[in-house]
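Below is the file data.txt, which contains compact mmCIF, C-alpha atoms and all ligand atoms.
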# COMPACT_ATOMS: atom_id res chain seq x y z
CA MET W 1 56.02 105.74 117.39
CA MET W 2 54.04 108.92 118.04
CA PRO W 3 54.83 111.76 115.63
CA ALA W 4 56.85 114.68 117.04
CA PRO W 5 54.48 117.17 118.74
CA PHE W 6 55.41 120.02 116.39
CA SER W 7 54.86 120.57 112.69
CA THR W 8 55.77 124.26 112.50
CA LEU W 9 58.51 126.37 114.03
CA SER W 10 55.96 128.23 116.09
CA ASP W 11 54.80 124.90 117.58
CA PHE W 12 58.42 124.19 118.49
CA ARG W 13 58.86 127.65 119.99
CA ALA W 14 55.69 127.19 122.08
CA LEU W 15 56.90 123.81 123.27
CA LEU W 16 60.17 125.35 124.49
CA GLN W 17 58.21 127.87 126.55
CA ALA W 18 56.31 125.08 128.32
CA LEU W 19 59.18 122.80 129.40
CA PRO W 20 58.96 121.34 132.93
CA ARG W 21 61.00 122.38 135.96
CA PRO W 22 62.86 119.97 138.24
CA ASP W 23 60.98 118.48 141.20
CA ALA W 24 61.66 120.94 144.03
CA GLU W 25 60.66 118.46 146.74
CA ALA W 26 63.02 115.73 145.51
CA GLU W 27 65.77 118.31 145.17
CA ALA W 28 65.23 119.56 148.74
CA ALA W 29 65.17 115.99 150.07
CA ALA W 30 68.40 115.18 148.20
CA ARG W 31 70.01 118.33 149.63
CA ALA W 32 68.98 117.29 153.13
CA ARG W 33 70.32 113.78 152.61
CA ASN W 34 73.60 115.17 151.25
CA GLY W 35 74.01 117.10 154.51
CA GLN W 36 73.80 113.88 156.55
CA LEU W 37 76.30 111.74 154.63
CA THR W 38 79.55 110.60 156.27
CA LYS W 39 81.89 113.31 155.00
CA PRO W 40 82.79 116.85 155.98
CA PRO W 41 80.27 119.30 154.46
CA GLY W 42 81.17 120.04 150.84
CA ALA W 43 84.06 117.55 150.80
CA LEU W 44 82.76 115.88 147.64
CA GLY W 45 82.85 119.24 145.88
CA ARG W 46 80.90 119.43 142.63
CA LEU W 47 79.88 115.77 142.96
CA GLU W 48 77.43 116.92 145.64
CA ASP W 49 75.83 119.55 143.40
CA LEU W 50 75.65 117.06 140.54
CA ALA W 51 73.82 114.46 142.62
CA ILE W 52 71.33 117.02 143.95
CA TRP W 53 70.74 118.40 140.44
CA TYR W 54 70.21 114.88 139.08
CA ALA W 55 67.82 114.00 141.92
CA GLY W 56 65.71 117.08 141.16
CA TRP W 57 65.37 116.26 137.47
CA ARG W 58 64.61 112.59 138.11
CA GLY W 59 62.16 113.46 140.90
CA VAL W 60 63.81 111.00 143.32
CA ALA W 61 65.75 111.99 146.46
CA ARG W 62 68.02 108.95 146.29
CA PRO W 63 68.32 108.26 142.56
CA SER W 64 70.18 105.71 140.51
CA LEU W 65 71.69 106.05 137.03
CA LEU W 66 71.12 102.79 135.20
CA ARG W 67 70.16 103.59 131.60
CA PRO W 68 72.39 106.22 130.00
CA GLN W 69 71.79 106.74 126.27
CA VAL W 70 74.34 108.07 123.76
CA ILE W 71 73.03 109.28 120.39
CA VAL W 72 75.34 110.31 117.55
CA PHE W 73 73.79 112.42 114.78
CA ALA W 74 75.60 112.74 111.44
CA GLY W 75 75.16 115.42 108.79
CA ASN W 76 76.96 116.87 105.80
CA HIS W 77 77.62 120.53 105.04
CA GLY W 78 77.60 122.39 101.75
CA VAL W 79 80.09 124.86 103.18
CA THR W 80 82.81 122.16 102.98
CA ALA W 81 83.06 123.15 99.28
CA ARG W 82 84.84 126.27 100.55
CA GLY W 83 87.74 124.19 101.92
CA VAL W 84 87.06 124.76 105.63
CA SER W 85 88.03 121.30 106.96
CA ALA W 86 91.31 119.38 107.09
CA PHE W 87 89.36 116.24 106.02
CA PRO W 88 87.17 115.43 102.99
CA ALA W 89 83.37 115.29 103.37
CA GLU W 90 83.31 111.51 102.57
CA VAL W 91 84.70 110.93 106.08
CA THR W 92 81.24 111.61 107.53
CA VAL W 93 79.60 108.57 105.90
CA GLN W 94 82.74 106.48 106.45
CA MET W 95 82.68 107.28 110.18
CA VAL W 96 78.97 106.39 110.33
CA ALA W 97 79.98 102.91 109.11
CA ASN W 98 82.70 102.89 111.77
CA PHE W 99 80.16 103.80 114.52
CA ARG W 100 77.87 101.00 113.29
CA ALA W 101 80.78 98.54 113.35
CA GLY W 102 81.69 99.62 116.89
CA GLY W 103 85.12 100.99 115.95
CA ALA W 104 84.99 104.68 116.93
CA ALA W 105 86.18 106.27 120.16
CA VAL W 106 82.63 106.96 121.33
CA ASN W 107 81.70 103.28 120.95
CA GLN W 108 84.43 102.37 123.45
CA LEU W 109 83.45 105.13 125.89
CA ALA W 110 79.73 104.31 125.73
CA LYS W 111 80.59 100.66 126.40
CA ALA W 112 82.99 101.53 129.22
CA PHE W 113 80.29 103.50 131.04
CA GLY W 114 77.38 101.14 130.34
CA ALA W 115 75.51 103.38 127.89
CA SER W 116 73.42 102.29 124.93
CA MET W 117 74.48 103.93 121.69
CA SER W 118 72.63 104.69 118.48
CA VAL W 119 73.60 106.51 115.29
CA HIS W 120 71.24 108.62 113.18
CA GLU W 121 72.41 109.84 109.80
CA LEU W 122 70.56 112.82 108.36
CA GLU W 123 70.40 112.74 104.56
CA LEU W 124 74.16 112.48 104.12
CA GLU W 125 73.86 112.34 100.35
CA ARG W 126 72.05 115.71 100.43
CA PRO W 127 74.33 118.18 102.25
CA THR W 128 72.95 121.46 103.56
CA ALA W 129 73.33 124.48 101.27
CA ASP W 130 76.61 126.43 101.51
CA PHE W 131 75.56 129.20 103.92
CA THR W 132 77.71 131.75 102.11
CA THR W 133 75.26 131.54 99.20
CA ALA W 134 71.89 130.46 100.71
CA PRO W 135 70.26 129.47 104.01
CA ALA W 136 71.71 126.10 105.09
CA MET W 137 68.21 124.64 105.43
CA SER W 138 64.63 125.41 104.47
CA GLU W 139 62.09 125.59 107.29
CA ALA W 140 60.83 122.11 106.35
CA GLU W 141 64.36 120.71 106.46
CA LEU W 142 65.01 122.28 109.86
CA LEU W 143 61.76 120.87 111.23
CA ALA W 144 62.56 117.41 109.87
CA ALA W 145 65.99 117.46 111.56
CA LEU W 146 64.57 118.72 114.87
CA ALA W 147 62.02 115.89 114.70
CA VAL W 148 64.73 113.25 114.10
CA GLY W 149 66.41 114.40 117.30
CA TRP W 150 63.15 114.59 119.23
CA GLN W 151 62.20 111.02 118.21
CA ALA W 152 65.64 109.53 118.83
CA VAL W 153 65.44 109.94 122.61
CA ASP W 154 64.55 106.79 124.56
CA VAL W 155 61.99 107.97 127.11
CA GLU W 156 63.09 105.14 129.41
CA ALA W 157 66.67 106.47 129.53
CA ASP W 158 67.79 108.21 132.72
CA LEU W 159 70.62 110.22 131.14
CA LEU W 160 71.26 111.50 127.62
CA VAL W 161 74.49 112.27 125.76
CA VAL W 162 74.19 113.76 122.28
CA GLY W 163 77.14 113.79 119.94
CA GLU W 164 77.73 114.53 116.29
CA MET W 165 79.75 113.60 113.24
CA GLY W 166 79.89 116.06 110.37
CA ILE W 167 82.96 117.08 108.41
CA GLY W 168 82.96 120.88 108.27
CA ASN W 169 80.60 121.39 111.20
CA THR W 170 82.91 123.55 113.32
CA THR W 171 82.30 126.23 110.65
CA PRO W 172 78.50 126.38 111.15
CA ALA W 173 79.01 126.04 114.92
CA ALA W 174 81.34 129.07 114.91
CA ALA W 175 78.94 131.09 112.75
CA MET W 176 76.03 130.22 115.04
CA ALA W 177 77.99 131.12 118.19
CA CYS W 178 78.95 134.47 116.69
CA ALA W 179 75.38 135.20 115.54
CA LEU W 180 73.95 134.24 118.93
CA PHE W 181 76.47 135.97 121.19
CA GLY W 182 78.09 138.69 119.10
CA GLY W 183 81.80 139.43 118.75
CA THR W 184 83.87 138.83 115.64
CA ALA W 185 84.14 135.77 113.38
CA GLY W 186 87.78 135.50 114.45
CA GLU W 187 86.89 135.11 118.12
CA TRP W 188 84.61 132.12 117.44
CA THR W 189 86.49 130.31 114.67
CA GLY W 190 88.96 127.55 115.53
CA ARG W 191 90.96 124.81 113.83
CA GLY W 192 88.38 121.99 113.99
CA THR W 193 89.99 118.79 112.72
CA GLY W 194 93.25 120.73 112.35
CA VAL W 195 93.36 123.32 109.56
CA ASP W 196 96.64 125.21 109.17
CA ASP W 197 97.03 128.99 109.50
CA ALA W 198 95.93 129.65 105.92
CA GLY W 199 92.95 127.32 106.44
CA LEU W 200 91.99 129.14 109.62
CA ALA W 201 92.12 132.52 107.86
CA LEU W 202 89.89 131.21 105.05
CA LYS W 203 87.48 129.62 107.53
CA THR W 204 87.20 132.88 109.48
CA GLN W 205 86.42 134.70 106.23
CA VAL W 206 83.74 132.09 105.37
CA VAL W 207 82.13 132.49 108.82
CA ALA W 208 82.12 136.29 108.35
CA GLU W 209 80.48 135.91 104.92
CA GLY W 210 77.75 133.69 106.38
CA LEU W 211 77.04 136.19 109.15
CA ALA W 212 76.80 139.05 106.67
CA ARG W 213 74.48 137.10 104.35
CA HIS W 214 72.06 136.00 107.12
CA PRO W 215 71.28 138.99 109.35
CA SER W 216 68.52 137.43 111.51
CA ARG W 217 69.59 136.86 115.13
CA ASP W 218 66.47 134.93 116.09
CA PRO W 219 67.92 131.67 117.51
CA LEU W 220 65.91 129.24 115.37
CA GLU W 221 66.58 131.35 112.26
CA VAL W 222 70.29 131.26 113.14
CA LEU W 223 70.05 127.46 113.33
CA ARG W 224 68.19 127.28 109.99
CA CYS W 225 70.43 129.69 108.06
CA LEU W 226 73.85 128.90 109.55
CA GLY W 227 73.50 125.48 111.21
CA GLY W 228 73.19 121.95 109.93
CA ARG W 229 70.96 118.91 110.18
CA GLU W 230 72.94 117.05 112.87
CA ILE W 231 73.15 120.30 114.87
CA ALA W 232 69.37 120.74 114.67
CA ALA W 233 68.85 117.09 115.60
CA MET W 234 70.97 117.60 118.73
CA ALA W 235 68.81 120.61 119.65
CA GLY W 236 65.67 118.52 119.13
CA ALA W 237 67.01 115.71 121.32
CA ILE W 238 68.11 118.08 124.11
CA ALA W 239 64.64 119.67 124.13
CA ARG W 240 62.95 116.25 124.21
CA ALA W 241 65.12 115.17 127.13
CA HIS W 242 63.99 118.30 128.98
CA ALA W 243 60.35 117.49 128.24
CA GLU W 244 60.91 114.00 129.71
CA ARG W 245 63.00 115.26 132.65
CA ILE W 246 66.04 113.32 131.41
CA PRO W 247 69.30 115.04 132.40
CA VAL W 248 71.77 115.73 129.57
CA ILE W 249 75.57 115.90 129.45
CA LEU W 250 76.70 118.31 126.74
CA ASP W 251 79.73 117.48 124.62
CA GLY W 252 82.04 119.80 122.69
CA PHE W 253 81.83 122.95 120.61
CA ILE W 254 79.24 121.79 118.07
CA CYS W 255 76.94 120.22 120.66
CA THR W 256 77.18 123.35 122.80
CA ALA W 257 76.30 125.57 119.81
CA ALA W 258 73.17 123.44 119.27
CA ALA W 259 72.27 123.78 122.95
CA ALA W 260 72.83 127.57 122.82
CA VAL W 261 69.94 127.89 120.35
CA LEU W 262 67.61 126.50 123.02
CA ALA W 263 69.13 128.63 125.79
CA LEU W 264 68.41 131.81 123.84
CA SER W 265 64.93 130.63 122.82
CA ALA W 266 63.55 130.03 126.33
CA SER W 267 64.96 130.85 129.75
CA GLY W 268 65.90 127.74 131.73
CA ALA W 269 65.93 125.59 128.57
CA LEU W 270 69.31 124.12 129.53
CA ASP W 271 68.74 123.72 133.26
CA HIS W 272 68.67 119.94 132.74
CA CYS W 273 72.15 120.04 131.14
CA VAL W 274 75.70 119.94 132.48
CA ALA W 275 78.83 120.52 130.41
CA GLY W 276 80.77 117.27 130.13
CA HIS W 277 84.09 118.79 129.17
CA ALA W 278 85.97 121.75 127.78
CA SER W 279 86.98 120.96 124.22
CA ALA W 280 90.34 122.09 122.87
CA GLU W 281 88.41 123.81 120.04
CA GLY W 282 89.38 127.45 120.61
CA ALA W 283 86.04 129.03 121.44
CA HIS W 284 84.37 126.25 123.39
CA ARG W 285 85.24 127.69 126.79
CA ALA W 286 83.85 131.08 125.80
CA LEU W 287 80.65 129.45 124.60
CA LEU W 288 80.28 127.49 127.84
CA SER W 289 80.84 130.62 129.85
CA LYS W 290 78.13 132.47 127.86
CA LEU W 291 75.81 129.64 128.92
CA GLY W 292 77.00 129.74 132.54
CA LYS W 293 78.20 126.13 132.38
CA ALA W 294 81.44 124.96 134.03
CA PRO W 295 82.92 121.86 132.34
CA LEU W 296 83.32 118.67 134.40
CA LEU W 297 86.47 117.51 132.56
CA ASP W 298 89.30 119.32 130.83
CA LEU W 299 91.39 116.74 129.02
CA GLY W 300 92.28 118.40 125.73
CA LEU W 301 89.74 116.38 123.71
CA ARG W 302 88.54 117.84 120.40
CA LEU W 303 86.97 114.80 118.78
CA GLY W 304 83.22 115.34 118.97
CA GLU W 305 81.03 112.18 118.58
CA GLY W 306 79.79 112.78 122.14
CA SER W 307 83.12 111.42 123.38
CA GLY W 308 83.85 113.99 126.12
CA ALA W 309 80.29 113.78 127.41
CA ALA W 310 80.37 109.97 127.35
CA LEU W 311 83.52 110.09 129.47
CA ALA W 312 81.74 112.39 131.94
CA ILE W 313 79.01 109.75 132.45
CA GLY W 314 81.58 108.18 134.78
CA VAL W 315 81.79 111.35 136.86
CA LEU W 316 78.02 111.57 137.17
CA LYS W 317 77.75 107.87 138.02
CA GLY W 318 80.34 108.43 140.75
CA ALA W 319 78.40 111.38 142.14
CA ILE W 320 75.14 109.42 142.25
CA ALA W 321 76.76 106.29 143.68
CA CYS W 322 78.14 108.34 146.59
CA HIS W 323 74.91 110.25 147.17
CA SER W 324 72.63 107.21 147.10
CA GLY W 325 74.97 104.62 148.55
CA MET W 326 76.79 106.35 151.41
CA ALA W 327 75.78 105.88 155.04
CA THR W 328 74.54 108.84 157.05
CA PHE W 329 76.36 109.86 160.27
CA ALA W 330 73.49 108.33 162.28
CA GLU W 331 73.53 105.02 160.35
CA ALA W 332 77.29 104.60 160.62
CA GLY W 333 77.61 105.80 164.20
CA VAL W 334 80.12 108.45 163.15
CA SER W 335 80.24 111.67 165.16
CA ASP W 336 79.08 114.55 162.98
CA GLY W 337 81.22 117.27 164.55
O1 LIG W 401 83.51 118.53 119.83
C1 LIG W 401 84.36 119.38 119.50
O2 LIG W 401 84.64 120.34 120.21
C2 LIG W 401 85.05 119.19 118.15
C3 LIG W 401 86.11 120.02 117.85
C4 LIG W 401 86.77 119.83 116.62
C5 LIG W 401 86.32 118.85 115.73
N1 LIG W 401 85.25 118.07 116.05
C6 LIG W 401 84.79 117.01 115.10
O3 LIG W 401 85.44 117.16 113.84
C7 LIG W 401 84.51 117.41 112.81
C8 LIG W 401 84.44 118.88 112.52
O4 LIG W 401 85.71 119.45 112.27
P1 LIG W 401 85.91 120.28 110.91
O5 LIG W 401 87.35 120.67 110.94
O6 LIG W 401 85.63 119.29 109.79
O7 LIG W 401 84.96 121.40 110.97
C9 LIG W 401 83.18 116.90 113.31
O8 LIG W 401 82.98 115.59 112.89
C10 LIG W 401 83.29 117.02 114.82
O9 LIG W 401 82.70 115.91 115.45
C11 LIG W 401 84.64 118.22 117.24
C1 LIG W 402 88.57 110.50 111.52
C2 LIG W 402 87.60 111.48 112.14
C3 LIG W 402 86.77 111.05 113.20
C4 LIG W 402 85.85 111.97 113.76
N1 LIG W 402 84.97 111.87 114.74
C5 LIG W 402 84.34 113.01 114.87
N2 LIG W 402 84.81 113.86 114.00
C6 LIG W 402 85.76 113.26 113.27
C7 LIG W 402 86.57 113.70 112.22
C8 LIG W 402 87.48 112.82 111.66
C9 LIG W 402 88.36 113.28 110.54
Using structure tokens, write down the structure that the file contains.
Amino acid sequence: MMPAPFSTLSDFRALLQALPRPDAEAEAAARARNGQLTKPPGALGRLEDLAIWYAGWRGVARPSLLRPQVIVFAGNHGVTARGVSAFPAEVTVQMVANFRAGGAAVNQLAKAFGASMSVHELELERPTADFTTAPAMSEAELLAALAVGWQAVDVEADLLVVGEMGIGNTTPAAAMACALFGGTAGEWTGRGTGVDDAGLALKTQVVAEGLARHPSRDPLEVLRCLGGREIAAMAGAIARAHAERIPVILDGFICTAAAAVLALSASGALDHCVAGHASAEGAHRALLSKLGKAPLLDLGLRLGEGSGAALAIGVLKGAIACHSGMATFAEAGVSDG
């Protein structure tokens, strides 16, 4: 495998500035085709926009979606020592075994929608530093995690879902969201796996401490100081997908926080992404709205693992099946009003 095309953060920053745009010709042709299909204009709602968006990124006016890829990245967090999760940190490695054995929710959803699935664990025995006392990662550690994500993407895939597993990771995600978009720790901190009121108060305090300790608001510095390895890997994978013109479905709060780093690093960096769902994690909707992304599904999920995004593969497949498979008015001999 070729090494990742960056060895410093400034390489990675430069790469983000040079990401490709969708194919305007394919997009225009898909829009024209959409206007001829046997339905009242706009009657397929957002499915129409989704199909046209997908056609533009794939560079094909009448595309198919045959090779979706789901990647789950796992990481551990030093900040769990502060008691910010309802579950113990060992659950991360135990769930990795469950993903490998095919027993997690995301395994079932990937299978149900015909996606391949892989799991990448990032140094689980070496958690990030507790961000209330030190930067979560060194620059070298951040670069290594970005590279894991970059390399994990199958360039033959035609859709990417990135998910995560990391006990404690709603705490870094909240801290990152607050650092990137402002507001108070309280506005961005939620219950994660289900902390009680006292747990939520403590977690909010921990997020506030992290923000005070790490004043840089540069997006990649925010990721390094307040983030985590699986969060960085998701950012690396989302950027790689953009470089390869592979559309991405974003998952929940943690995945969206990873994506937000890219959005604030380079304009248009998330144009190849749609939001799969609105998580029940308190601040996810606010984060999506900062990114200008409207969720496809709203089912009360708050699992992570890429599960909500995997479920939304079905929506996108439906959109593309209609767009590419329907007859035009002329073909079907239907009067077009
Ligand atoms: O995707 C989400 O919006 C989401 C919301 C709440 C929890 N999670 C998952 O739960 C874990 C983080 O929760 P916590 O309470 O340990 O910070 C992590 O493994 C995530 O995949 C995920
Ligand atoms: C059991 C369990 C499964 C998960 N999947 C993603 N985050 C999770 C957190 C827990 C606790």
Within 7 Å of ligand LIG 401 (chain W) (counting only C-alpha atoms and all ligand atoms), which residues show up? I'd like them as an mmCIF file with C-alpha atoms, in the coordinates of the input.
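As written to disk, pocket26.cif reads:
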data_model
loop_
_atom_site.group_PDB
_atom_site.id
_atom_site.type_symbol
_atom_site.label_atom_id
_atom_site.label_comp_id
_atom_site.auth_asym_id
_atom_site.auth_seq_id
_atom_site.Cartn_x
_atom_site.Cartn_y
_atom_site.Cartn_z
ATOM 1 C CA VAL W 84 87.060 124.760 105.630
ATOM 2 C CA SER W 85 88.030 121.300 106.960
ATOM 3 C CA ALA W 86 91.310 119.380 107.090
ATOM 4 C CA PHE W 87 89.360 116.240 106.020
ATOM 5 C CA THR W 92 81.240 111.610 107.530
ATOM 6 C CA GLU W 164 77.730 114.530 116.290
ATOM 7 C CA MET W 165 79.750 113.600 113.240
ATOM 8 C CA GLY W 166 79.890 116.060 110.370
ATOM 9 C CA ILE W 167 82.960 117.080 108.410
ATOM 10 C CA GLY W 168 82.960 120.880 108.270
ATOM 11 C CA ASN W 169 80.600 121.390 111.200
ATOM 12 C CA THR W 170 82.910 123.550 113.320
ATOM 13 C CA THR W 171 82.300 126.230 110.650
ATOM 14 C CA ARG W 191 90.960 124.810 113.830
ATOM 15 C CA GLY W 192 88.380 121.990 113.990
ATOM 16 C CA THR W 193 89.990 118.790 112.720
ATOM 17 C CA GLY W 194 93.250 120.730 112.350
ATOM 18 C CA VAL W 195 93.360 123.320 109.560
ATOM 19 C CA ASP W 251 79.730 117.480 124.620
ATOM 20 C CA GLY W 252 82.040 119.800 122.690
ATOM 21 C CA PHE W 253 81.830 122.950 120.610
ATOM 22 C CA ILE W 254 79.240 121.790 118.070
ATOM 23 C CA CYS W 255 76.940 120.220 120.660
ATOM 24 C CA SER W 279 86.980 120.960 124.220
ATOM 25 C CA ALA W 280 90.340 122.090 122.870
ATOM 26 C CA GLU W 281 88.410 123.810 120.040
ATOM 27 C CA HIS W 284 84.370 126.250 123.390
ATOM 28 C CA ARG W 302 88.540 117.840 120.400
ATOM 29 C CA LEU W 303 86.970 114.800 118.780
ATOM 30 C CA GLY W 304 83.220 115.340 118.970
ATOM 31 C CA GLU W 305 81.030 112.180 118.580
#
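One distance worth recording is that between CA of Arg213 in chain W and atom C9 of ligand LIG 402 (chain W), which is 28.3 Å.
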Figure out the distance between CA of Glu48 in chain W and CA of Ala258 in chain W, please, to one decimal in Å.
-> 27.5 Å
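Distance annotation: of W:Glu90, W:Glu123, W:Glu25, W:Glu187, the residue with the minimal separation from ligand LIG 402 (chain W) is W:Glu90; atom set is all atoms listed in the file.
Shortest atom-to-atom contact with Thr256 in chain W among W:Leu296, W:Ala174, W:Ala179, W:Met326: W:Ala174, counting all atoms listed in the file.
Nearest residue to ligand LIG 402 (chain W) among W:Val207, W:Pro63, W:Asn98, W:Gly114 is W:Asn98, counting all atoms listed in the file.
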Go ahead and fit an axis-aligned box to every listed atom of ligand LIG 402 (chain W) plus 5 Å each side, and pass me the centre and edge lengths in Å, one decimal, as JSON.
{"center_x": 86.5, "center_y": 112.2, "center_z": 112.7, "size_x": 14.2, "size_y": 13.4, "size_z": 14.3}
Would you mind listing what lies within 10 Å of range 332-334 of chain W as an NGL selection string, with only C-alpha atoms counted and same-chain residues fewer than 6 positions away left out?
-> :W and (37-39 or 326)
